[in-house]
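Novice: Pasting data.cif below, which is mmCIF, C-alpha atoms.
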data_input
loop_
_atom_site.group_PDB
_atom_site.id
_atom_site.type_symbol
_atom_site.label_atom_id
_atom_site.label_comp_id
_atom_site.auth_asym_id
_atom_site.auth_seq_id
_atom_site.Cartn_x
_atom_site.Cartn_y
_atom_site.Cartn_z
ATOM 1 C CA VAL A 88 0.000 0.000 0.000
ATOM 2 C CA GLN A 89 1.245 3.485 -0.858
ATOM 3 C CA LEU A 90 -0.115 6.903 0.068
ATOM 4 C CA GLN A 91 0.412 10.000 -2.061
ATOM 5 C CA ALA A 92 -0.438 13.341 -0.450
ATOM 6 C CA SER A 93 -0.913 16.578 -2.333
ATOM 7 C CA GLY A 94 -2.634 19.948 -2.176
ATOM 8 C CA GLY A 95 -0.391 21.955 0.086
ATOM 9 C CA GLY A 96 0.673 25.495 -0.636
ATOM 10 C CA LEU A 97 1.300 29.018 0.614
ATOM 11 C CA VAL A 98 -1.824 30.864 1.725
ATOM 12 C CA GLN A 99 -2.788 33.769 3.920
ATOM 13 C CA ALA A 100 -4.491 33.554 7.276
ATOM 14 C CA GLY A 101 -8.215 33.021 6.819
ATOM 15 C CA ASP A 102 -7.814 31.190 3.504
ATOM 16 C CA SER A 103 -8.782 27.597 2.739
ATOM 17 C CA LEU A 104 -6.951 24.590 1.326
ATOM 18 C CA ARG A 105 -7.953 21.027 0.571
ATOM 19 C CA LEU A 106 -5.387 18.296 0.958
ATOM 20 C CA SER A 107 -5.730 14.980 -0.844
ATOM 21 C CA CYS A 108 -4.214 11.578 -0.200
ATOM 22 C CA VAL A 109 -4.602 8.844 -2.791
ATOM 23 C CA VAL A 110 -4.267 5.232 -1.692
ATOM 24 C CA SER A 111 -2.804 2.739 -4.122
ATOM 25 C CA GLY A 112 -2.522 -1.015 -3.647
ATOM 26 C CA GLY A 113 -5.312 -1.161 -1.091
ATOM 27 C CA THR A 114 -8.887 -0.191 -0.278
ATOM 28 C CA ILE A 115 -9.248 2.997 1.729
ATOM 29 C CA GLY A 116 -12.553 2.030 3.322
ATOM 30 C CA HIS A 117 -10.859 -0.927 5.028
ATOM 31 C CA TYR A 118 -8.402 1.235 6.965
ATOM 32 C CA ASN A 119 -8.470 3.817 9.690
ATOM 33 C CA MET A 120 -6.994 6.903 8.024
ATOM 34 C CA ALA A 121 -5.531 10.031 9.557
ATOM 35 C CA TRP A 122 -3.784 13.316 8.951
ATOM 36 C CA PHE A 123 -0.829 14.415 11.049
ATOM 37 C CA ARG A 124 1.326 17.519 10.772
ATOM 38 C CA GLN A 125 4.786 18.566 11.828
ATOM 39 C CA ALA A 126 5.865 22.161 12.244
ATOM 40 C CA PRO A 127 9.555 23.131 12.074
ATOM 41 C CA GLY A 128 11.298 22.240 15.302
ATOM 42 C CA LYS A 129 8.246 20.525 16.735
ATOM 43 C CA GLU A 130 7.089 16.971 17.104
ATOM 44 C CA ARG A 131 4.552 15.460 14.758
ATOM 45 C CA GLU A 132 1.000 15.992 15.990
ATOM 46 C CA PHE A 133 -2.361 14.462 15.237
ATOM 47 C CA VAL A 134 -4.857 16.497 13.224
ATOM 48 C CA ALA A 135 -7.825 14.307 12.290
ATOM 49 C CA ALA A 136 -8.846 10.701 11.689
ATOM 50 C CA ILE A 137 -11.634 8.783 10.009
ATOM 51 C CA ARG A 138 -12.451 5.239 10.960
ATOM 52 C CA ALA A 139 -12.717 2.268 8.623
ATOM 53 C CA GLY A 140 -16.179 1.207 7.567
ATOM 54 C CA GLY A 141 -18.712 3.644 9.011
ATOM 55 C CA GLY A 142 -16.322 6.588 8.812
ATOM 56 C CA SER A 143 -16.730 8.219 12.210
ATOM 57 C CA THR A 144 -14.317 11.109 12.643
ATOM 58 C CA TYR A 145 -12.023 12.430 15.334
ATOM 59 C CA TYR A 146 -10.356 15.860 15.508
ATOM 60 C CA GLU A 147 -7.640 17.539 17.470
ATOM 61 C CA ASP A 148 -9.185 20.328 19.508
ATOM 62 C CA SER A 149 -7.484 23.242 17.739
ATOM 63 C CA VAL A 150 -8.908 22.276 14.335
ATOM 64 C CA LYS A 151 -12.463 21.396 15.354
ATOM 65 C CA GLY A 152 -14.950 23.492 13.421
ATOM 66 C CA ARG A 153 -12.312 24.522 10.863
ATOM 67 C CA PHE A 154 -11.059 21.263 9.356
ATOM 68 C CA THR A 155 -13.065 18.385 7.900
ATOM 69 C CA ILE A 156 -11.700 14.941 7.135
ATOM 70 C CA SER A 157 -13.486 12.817 4.562
ATOM 71 C CA ARG A 158 -12.920 10.045 2.088
ATOM 72 C CA VAL A 159 -14.351 8.966 -1.250
ATOM 73 C CA ASN A 160 -14.152 5.206 -1.446
ATOM 74 C CA ALA A 161 -14.739 5.130 -5.211
ATOM 75 C CA LYS A 162 -11.631 7.261 -5.695
ATOM 76 C CA ASN A 163 -9.640 5.585 -2.927
ATOM 77 C CA ALA A 164 -8.948 9.091 -1.704
ATOM 78 C CA LEU A 165 -8.730 10.839 1.652
ATOM 79 C CA TYR A 166 -9.261 14.575 2.014
ATOM 80 C CA LEU A 167 -8.677 17.291 4.569
ATOM 81 C CA GLN A 168 -10.660 20.457 3.974
ATOM 82 C CA MET A 169 -8.994 23.252 5.924
ATOM 83 C CA ASN A 170 -10.882 26.508 6.402
ATOM 84 C CA ASN A 171 -9.988 29.687 8.262
ATOM 85 C CA LEU A 172 -6.331 28.719 8.281
ATOM 86 C CA LYS A 173 -4.054 30.209 10.904
ATOM 87 C CA PRO A 174 -0.267 30.640 11.001
ATOM 88 C CA ASP A 175 -0.127 27.918 13.667
ATOM 89 C CA ASP A 176 -1.462 25.476 11.057
ATOM 90 C CA THR A 177 1.834 25.747 9.170
ATOM 91 C CA GLY A 178 3.697 22.475 8.751
ATOM 92 C CA VAL A 179 4.189 19.387 6.673
ATOM 93 C CA TYR A 180 0.974 17.385 6.545
ATOM 94 C CA TYR A 181 1.133 13.611 6.341
ATOM 95 C CA CYS A 182 -1.601 11.079 5.661
ATOM 96 C CA ALA A 183 -1.393 7.706 7.351
ATOM 97 C CA ALA A 184 -3.169 4.364 7.284
ATOM 98 C CA ASP A 185 -3.860 1.880 10.082
ATOM 99 C CA ARG A 186 -4.208 -1.500 8.451
ATOM 100 C CA PRO A 187 -5.799 -3.678 9.405
ATOM 101 C CA PRO A 188 -7.794 -1.142 11.463
ATOM 102 C CA VAL A 189 -6.817 -2.240 14.957
ATOM 103 C CA ALA A 190 -6.911 1.107 16.738
ATOM 104 C CA ILE A 191 -9.753 1.762 19.149
ATOM 105 C CA TYR A 192 -11.326 5.197 18.948
ATOM 106 C CA SER A 193 -9.246 6.690 21.751
ATOM 107 C CA SER A 194 -6.026 5.482 20.109
ATOM 108 C CA LEU A 195 -6.612 7.173 16.778
ATOM 109 C CA PRO A 196 -4.417 10.211 17.662
ATOM 110 C CA ASN A 197 -1.460 7.919 18.408
ATOM 111 C CA GLY A 198 0.900 7.911 15.454
ATOM 112 C CA ARG A 199 2.261 4.510 16.421
ATOM 113 C CA VAL A 200 -0.940 2.740 15.381
ATOM 114 C CA TYR A 201 -0.421 3.741 11.740
ATOM 115 C CA ASP A 202 1.854 1.540 9.637
ATOM 116 C CA VAL A 203 1.816 3.316 6.269
ATOM 117 C CA TRP A 204 2.647 6.986 5.755
ATOM 118 C CA GLY A 205 2.576 9.306 2.792
ATOM 119 C CA GLN A 206 5.442 11.577 1.856
ATOM 120 C CA GLY A 207 3.938 14.811 3.207
ATOM 121 C CA THR A 208 2.761 18.053 1.676
ATOM 122 C CA GLN A 209 3.823 21.498 2.897
ATOM 123 C CA VAL A 210 1.241 23.966 4.153
ATOM 124 C CA THR A 211 2.415 27.498 4.933
ATOM 125 C CA VAL A 212 0.037 30.079 6.348
ATOM 126 C CA SER A 213 1.228 33.667 6.440
ATOM 127 C CA SER A 214 -0.185 36.233 8.836
#
The structure in this file should be written as structure tokens.
Specialist:
Amino acid sequence: VQLQASGGGLVQAGDSLRLSCVVSGGTIGHYNMAWFRQAPGKEREFVAAIRAGGGSTYYEDSVKGRFTISRVNAKNALYLQMNNLKPDDTGVYYCAADRPPVAIYSSLPNGRVYDVWGQGTQVTVSS
């Protein structure tokens, strides 16, 4: 299984971006999927996750109400719609897959449960 992330860019505070992550060699609906980000000099942090099957979602507190994670099974694609972006949202965004989907809901923010990672896409938000 491979993940290919795209959609990053340089935007101003208040703007929107949509990140995409295409899954190849597997079926996205069978995996828990997540977005993480890493800012310069900081540790990687959880952003959002969507569970296999029913697709329930989970968000880090600072992005609730601004970001939306979704997937389109027919396209084998994961998305992160980011609205009202802030400078603190700057970082490299990574998509990740937990396969088979072993993580319980409370473990979804834990990066160690994900075994496949995409290459990352840079998001820069200027003030």
Novice: Set out as a Markdown table a contact list for stretch 128-154 of chain A and stretch 179-192 of chain A with a cut-off of 12 Å, giving each residue of stretch 128-154 of chain A that qualifies its closest atom pair and distance in Å to one decimal, counting all atoms listed in the file, ordered by chain and rising residue number.
Specialist:
| residue | atom | partner | partner_atom | distance |
| --- | --- | --- | --- | --- |
| A:Gly128 | CA | A:Val179 | CA | 11.5 |
| A:Lys129 | CA | A:Val179 | CA | 10.9 |
| A:Glu130 | CA | A:Val179 | CA | 11.1 |
| A:Arg131 | CA | A:Val179 | CA | 9.0 |
| A:Glu132 | CA | A:Tyr180 | CA | 9.5 |
| A:Phe133 | CA | A:Tyr181 | CA | 9.6 |
| A:Val134 | CA | A:Tyr180 | CA | 8.9 |
| A:Ala135 | CA | A:Cys182 | CA | 9.6 |
| A:Ala136 | CA | A:Ala183 | CA | 9.1 |
| A:Ile137 | CA | A:Tyr192 | CA | 9.6 |
| A:Arg138 | CA | A:Pro188 | CA | 7.9 |
| A:Ala139 | CA | A:Pro188 | CA | 6.6 |
| A:Gly140 | CA | A:Pro188 | CA | 9.5 |
| A:Gly142 | CA | A:Tyr192 | CA | 11.4 |
| A:Ser143 | CA | A:Tyr192 | CA | 9.2 |
| A:Thr144 | CA | A:Tyr192 | CA | 9.1 |
| A:Tyr145 | CA | A:Tyr192 | CA | 8.1 |
| A:Tyr146 | CA | A:Tyr192 | CA | 11.2 |
Novice: Could you save those same residues with C-alpha atoms as a PDB file, in the coordinates of the input?
Specialist:
ATOM      1  CA  GLY A 128      11.298  22.240  15.302  1.00  0.00           C
ATOM      2  CA  LYS A 129       8.246  20.525  16.735  1.00  0.00           C
ATOM      3  CA  GLU A 130       7.089  16.971  17.104  1.00  0.00           C
ATOM      4  CA  ARG A 131       4.552  15.460  14.758  1.00  0.00           C
ATOM      5  CA  GLU A 132       1.000  15.992  15.990  1.00  0.00           C
ATOM      6  CA  PHE A 133      -2.361  14.462  15.237  1.00  0.00           C
ATOM      7  CA  VAL A 134      -4.857  16.497  13.224  1.00  0.00           C
ATOM      8  CA  ALA A 135      -7.825  14.307  12.290  1.00  0.00           C
ATOM      9  CA  ALA A 136      -8.846  10.701  11.689  1.00  0.00           C
ATOM     10  CA  ILE A 137     -11.634   8.783  10.009  1.00  0.00           C
ATOM     11  CA  ARG A 138     -12.451   5.239  10.960  1.00  0.00           C
ATOM     12  CA  ALA A 139     -12.717   2.268   8.623  1.00  0.00           C
ATOM     13  CA  GLY A 140     -16.179   1.207   7.567  1.00  0.00           C
ATOM     14  CA  GLY A 142     -16.322   6.588   8.812  1.00  0.00           C
ATOM     15  CA  SER A 143     -16.730   8.219  12.210  1.00  0.00           C
ATOM     16  CA  THR A 144     -14.317  11.109  12.643  1.00  0.00           C
ATOM     17  CA  TYR A 145     -12.023  12.430  15.334  1.00  0.00           C
ATOM     18  CA  TYR A 146     -10.356  15.860  15.508  1.00  0.00           C
TER      19      TYR A 146
END
Novice: Would you please work out which residue, of A:Asp175, A:Asn160, A:Leu195, A:Leu90, is nearest to A:Ala121 when using only C-alpha atoms?
Specialist: A:Leu195
Novice: Kindly indicate which residue among A:Ser213, A:Asp148, A:Lys162, A:Val203 lies nearest to A:Gln89, using all atoms listed in the file for the distances.
Specialist: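 For A:Gln89, the nearest of the candidates is A:Val203.
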Novice: One number please: atom CA of A:Gly141 to atom CA of A:Thr114, in Å, one decimal.
Specialist: 14.1 Å
Novice: List the residues selected by the PyMOL selection byres ((chain A and resi 178) around 6) in the file shown, writing them as JSON, numbers by chain.
Specialist: {"A": [124, 125, 126, 177, 179, 209, 210]}
Novice: To one decimal in Å, tell me the separation between atom CA of A:Ser149 and atom CA of A:Gln206.
Specialist: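 Spanning atom CA of A:Ser149 to atom CA of A:Gln206 is a straight-line distance of 23.6 Å.
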Novice: Please put the answer as JSON: centre and edge lengths, in Å with one decimal, of a box along x, y and z that encloses all listed atoms of stretch 141-153 of chain A plus 5 Å on each side.
Specialist:
{"center_x": -13.1, "center_y": 14.1, "center_z": 14.2, "size_x": 21.2, "size_y": 30.9, "size_z": 20.7}
Novice: What lies within 9 Å of stretch 165-171 of chain A using only C-alpha atoms, ignoring chain neighbours under 3 positions off, as a VMD selection string?
Specialist: chain A and resid 92 100 to 110 115 120 to 122 135 150 152 to 160 162 182
Novice: Which one is closest to A:Gln99: A:Lys151, A:Lys173, A:Asn119, A:Asp202? Count all atoms listed in the file.
Specialist: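 Smallest distance to A:Gln99 is found for A:Lys173.
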Novice: Atom CA of A:Gly116 and atom CA of A:Val88 are how many Å apart?
Specialist: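 Straight-line distance from atom CA of A:Gly116 to atom CA of A:Val88 works out to 13.1 Å.
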Novice: Here is a test: counting only C-alpha atoms, which residue of A:Glu147, A:Asp176, A:Tyr118, A:Gly112 is nearest to A:Ser193?
Specialist: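 Among the listed residues, A:Glu147 lies closest to A:Ser193.
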Novice: Start from the incomplete input, build N, CA, C and O atoms for stretch 152-163 of chain A, and deliver everything as a compact mmCIF listing (two decimals), in the frame of the given file.
Specialist:
# COMPACT_ATOMS: atom_id res chain seq x y z
N GLY A 152 -14.17 22.39 13.97
CA GLY A 152 -14.95 23.49 13.42
C GLY A 152 -14.30 24.18 12.24
O GLY A 152 -14.95 24.98 11.55
N ARG A 153 -13.02 23.91 12.00
CA ARG A 153 -12.31 24.52 10.86
C ARG A 153 -11.90 23.48 9.82
O ARG A 153 -11.90 23.78 8.62
N PHE A 154 -11.54 22.31 10.26
CA PHE A 154 -11.06 21.26 9.36
C PHE A 154 -12.11 20.15 9.27
O PHE A 154 -12.80 19.84 10.25
N THR A 155 -12.17 19.52 8.09
CA THR A 155 -13.06 18.39 7.90
C THR A 155 -12.32 17.27 7.17
O THR A 155 -11.77 17.50 6.09
N ILE A 156 -12.30 16.10 7.77
CA ILE A 156 -11.70 14.94 7.14
C ILE A 156 -12.80 14.14 6.47
O ILE A 156 -13.90 13.99 7.00
N SER A 157 -12.50 13.62 5.29
CA SER A 157 -13.49 12.82 4.56
C SER A 157 -12.76 11.87 3.64
O SER A 157 -11.54 11.98 3.43
N ARG A 158 -13.50 10.95 3.09
CA ARG A 158 -12.92 10.04 2.09
C ARG A 158 -13.97 9.75 1.04
O ARG A 158 -15.18 9.82 1.30
N VAL A 159 -13.50 9.42 -0.16
CA VAL A 159 -14.35 8.97 -1.25
C VAL A 159 -13.86 7.59 -1.63
O VAL A 159 -12.78 7.45 -2.24
N ASN A 160 -14.61 6.58 -1.23
CA ASN A 160 -14.15 5.21 -1.45
C ASN A 160 -13.96 4.89 -2.93
O ASN A 160 -13.01 4.21 -3.31
N ALA A 161 -14.83 5.42 -3.78
CA ALA A 161 -14.74 5.13 -5.21
C ALA A 161 -13.45 5.66 -5.82
O ALA A 161 -12.96 5.13 -6.82
N LYS A 162 -12.89 6.69 -5.20
CA LYS A 162 -11.63 7.26 -5.70
C LYS A 162 -10.43 6.80 -4.87
O LYS A 162 -9.30 7.19 -5.16
N ASN A 163 -10.72 6.02 -3.83
CA ASN A 163 -9.64 5.58 -2.93
C ASN A 163 -8.86 6.79 -2.41
O ASN A 163 -7.61 6.76 -2.34
